[in-house]
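S.K.: My questions will all concern the structure given below.
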Amino acid sequence: MRVLVTGGTGFIGSHTVVSLIEGGHEPVIVDNLANSQPSVLDRVASITGVAPEMHRADIRDLEAMTAIASRGFDACIHFAALKAVGESVEEPLLYYDNNVAGTVTLLMALEAAGVESIVFSSSATVYGDPDSLPMTEEMPLGSATNPYGWTKITMERVLADLQAARSGWSVSLLRYFNPVGAHPSGQLGEDPSGVPNNLMPYVARVAAGRLPKVEVFGGDYPTPDGTGVRDYVHVVDLAEGHIAALDRHHGDPGVHVYNLGTGRGHSVLEVIKAYEEESGRPIPYEIVDRRPGDVAASWAAVNKAERELSWKARRDLHEMCADSWRWEQARR
Ligand SMILES: NC(=O)c1ccc[n+]([C@@H]2O[C@H](COP(=O)([O-])OP(=O)(O)OC[C@H]3O[C@@H](n4cnc5c(N)ncnc54)[C@H](O)[C@@H]3O)[C@@H](O)[C@H]2O)c1
């Protein structure tokens, strides 16, 4: 399939571009490089032997998107979004414009071009703080604790409403749990600018001696060791989940919702310990106050993706830490 990949030079997008090429598909990237580097294209080429086509454009630009979408695509995988939770609280209009208005504009361009198959990057954040675990796809959507979360809930709604009105569309909503790790080649990974918001990139910088210690937000949660529990999923597993959804649901009208996670939670202290083991470096930490908006624990029910997509995360926490550390070291 020829697949338009928005946000394809980003963290998850770049790994998915590699998986698409390895799966015999032809990805074409659209990215405005708001949070990624064009050098990703050379790295993808060095891993796969194929240099993907890329268009530098903003998904909010209807004219540009209409021109690109008309170049003959079977499907779109839509990653392009801003994702910093804290920034979304400070700049809500930017987030609604980029994520929600950008998605609407992209969908207009796809519709004009007759592309009716989309795989969308959603998030476990749409479940809010549920009453029970694991989180299943049937659970009602929760109340987001920040504008970023609301943009994901709203974009899911936009896509479901579009599918209800245009019954030929195939919409796959993939709800990611906590994507971490890096490509095992050490050539692709996550490189947040400034101080990382997410645990593993933060831990990586402490292991590398670039930050003094990990601040662990909350040590009194009702979890086995008191620290927050999350379902970490290796980015290469996640990338493969997109190919599975595309292969399964292309030409299959409807709204198809899947959790992508491992189905098992790890605490912050377990992550720190695994990272210490894989890096061989001490990782000092300090337990501080809880962070507003964080839930105590979150992990996915994964049987639906296993059953319907024949997809299962295969890489464990140690592999996630080892690949993250290889990427961290390769860049220094
Ligand atoms: N990383 C996570 O923890 C996580 C968890 C759940 C969901 N998601 C979602 O997955 C998707 C990919 O996330 P990621 O971690 O790879 O982020 P990322 O920032 O690395 O990638 C997003 C890419 O989209 C591009 N982009 C942003 N706005 C754009 C616009 N208006 N026009 C064109 N390109 C634009 C950025 O330049 C970047 O390359 C996002 O939709 C994100 O919300 C991420």
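To be explicit about the labels: the chains of the structure tokens are called A, B, and onward in the order shown, and within each one the residues are counted from 1, while ligands get numbers from 1 in the order they are shown.
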Hey, which residues sit close to ligand 1? Say within 7 Å, counting only C-alpha atoms and all ligand atoms, and write them as JSON, numbers by chain.
M.R.: {"A": [6, 7, 8, 9, 10, 11, 12, 13, 30, 31, 32, 33, 34, 35, 36, 57, 58, 59, 60, 79, 80, 81, 82, 83, 98, 99, 102, 121, 122, 123, 124, 175, 176, 177, 178, 179, 190]}
S.K.: Residues of stretch 50-256 of chain A classed as helix (DSSP H, G or I) by DSSP on the backbone are to be reported as an MDAnalysis selection string.
M.R.: chainID A and resid 62:69 85:90 92:113 124:127 147:165 199:207 235:249
S.K.: As a PyMOL selection string, please: the residues near A:Leu246 (cut-off 9 Å, only C-alpha atoms, same-chain neighbours under 2 positions excluded).
M.R.: chain A and resi 75+77+117-119+172+241-244+248-250
S.K.: Write a file of the just-selected residues containing N, CA and C atoms, as a tab-separated table (two decimals), in the first residue's frame.
M.R.:
```tsv
chain	number	residue	atom	x	y	z
A	75	ALA	N	-4.06	4.73	1.95
A	75	ALA	CA	-4.42	4.93	3.35
A	75	ALA	C	-3.54	6.02	3.95
A	77	ILE	N	-1.75	7.13	7.82
A	77	ILE	CA	-1.51	6.93	9.26
A	77	ILE	C	-1.21	8.32	9.82
A	117	SER	N	-9.28	5.54	4.28
A	117	SER	CA	-8.75	4.57	5.24
A	117	SER	C	-7.73	5.29	6.11
A	118	ILE	N	-7.96	5.30	7.42
A	118	ILE	CA	-7.04	6.04	8.30
A	118	ILE	C	-6.77	5.26	9.58
A	119	VAL	N	-5.52	5.33	10.01
A	119	VAL	CA	-5.11	4.77	11.31
A	119	VAL	C	-4.68	5.96	12.15
A	172	SER	N	-9.26	3.34	12.15
A	172	SER	CA	-8.70	2.57	13.27
A	172	SER	C	-8.17	3.55	14.31
A	241	GLY	N	2.21	-2.63	15.43
A	241	GLY	CA	0.76	-2.61	15.65
A	241	GLY	C	0.03	-1.81	14.57
A	242	HIS	N	0.69	-0.75	14.09
A	242	HIS	CA	0.07	0.06	13.02
A	242	HIS	C	-0.04	-0.73	11.72
A	243	ILE	N	0.98	-1.50	11.44
A	243	ILE	CA	0.97	-2.28	10.20
A	243	ILE	C	-0.13	-3.36	10.32
A	244	ALA	N	-0.24	-3.93	11.51
A	244	ALA	CA	-1.27	-4.96	11.73
A	244	ALA	C	-2.66	-4.36	11.53
A	248	ARG	N	-5.19	-5.36	8.49
A	248	ARG	CA	-6.45	-5.99	8.87
A	248	ARG	C	-7.66	-5.17	8.42
A	249	HIS	N	-7.57	-3.84	8.53
A	249	HIS	CA	-8.79	-3.04	8.36
A	249	HIS	C	-8.82	-2.16	7.11
A	250	HIS	N	-7.79	-2.22	6.28
A	250	HIS	CA	-7.88	-1.46	5.03
A	250	HIS	C	-9.02	-2.05	4.20
```
S.K.: Identify which of the residues A:Asp247, A:Glu240, A:Glu270, A:Glu137 lies closest to A:Val302, counting only C-alpha atoms when measuring atom-to-atom distances.
M.R.: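 So, comparing all the options, the nearest one is A:Glu137.
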S.K.: In Å, rounded to a single decimal, give me how far atom CA of A:Thr154 is from atom CA of A:Leu93.
M.R.: 13.8 Å
S.K.: Which is closest to A:Pro184 among A:Trp311, A:Tyr285, A:Trp325, A:Trp299, if we use only C-alpha atoms?
M.R.: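 Closest to A:Pro184, using only C-alpha atoms: A:Trp325.
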S.K.: Which one is closest to A:Val171: A:Ala84, A:Val268, A:Leu141, A:Met155? Count only C-alpha atoms.
M.R.: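 Under the stated criterion, the closest residue is A:Met155.
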S.K.: Do you know which residues are at most 9 Å from A:Gly86 counting only C-alpha atoms, after dropping those on the same chain fewer than 6 positions away, and could you put them as an mmCIF file with C-alpha atoms, in the first residue's frame?
M.R.:
```cif
data_model
loop_
_atom_site.group_PDB
_atom_site.id
_atom_site.type_symbol
_atom_site.label_atom_id
_atom_site.label_comp_id
_atom_site.auth_asym_id
_atom_site.auth_seq_id
_atom_site.Cartn_x
_atom_site.Cartn_y
_atom_site.Cartn_z
ATOM 1 C CA ASN A 146 -5.522 18.624 30.371
ATOM 2 C CA TYR A 148 -3.834 17.628 25.201
ATOM 3 C CA ASN A 197 8.262 15.176 30.451
#
```
S.K.: Identify all residues of stretch 128-174 of chain A in strand (DSSP E or B) (DSSP on the backbone) and supply them as a PyMOL selection string.
M.R.: chain A and resi 135+170-174
S.K.: Which residues, written as an MDAnalysis selection string, have at least one atom at most 10 Å from A:Tyr127, with only C-alpha atoms counted and residues fewer than 5 positions away on the same chain left out?
M.R.: chainID A and resid 135:137 139:144 149 153 175 298
S.K.: To one decimal in Å, tell me the separation between atom CA of A:Leu238 and atom CA of A:Arg205.
M.R.: 23.0 Å
S.K.: Report as number ranges by chain all protein, DNA and RNA residues lying within 9 Å of stretch 223-234 of chain A, evaluated on only C-alpha atoms, omitting residues in the same chain fewer than 6 positions from it.
M.R.: A: 176-182, 216-217, 260-269, 287, 294-300, 313-317, 319-320
S.K.: Ranking A:Val236, A:Leu174, A:Met65, A:Val50 by minimum distance to A:Thr16 and counting only C-alpha atoms, which one comes first?
M.R.: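 Distance minimum relative to A:Thr16 lands on A:Val236.
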S.K.: Quick one: distance from atom CA of A:Ala239 to atom CA of A:Val104 in Å, one decimal?
M.R.: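 Separation of atom CA of A:Ala239 and atom CA of A:Val104: 23.8 Å.
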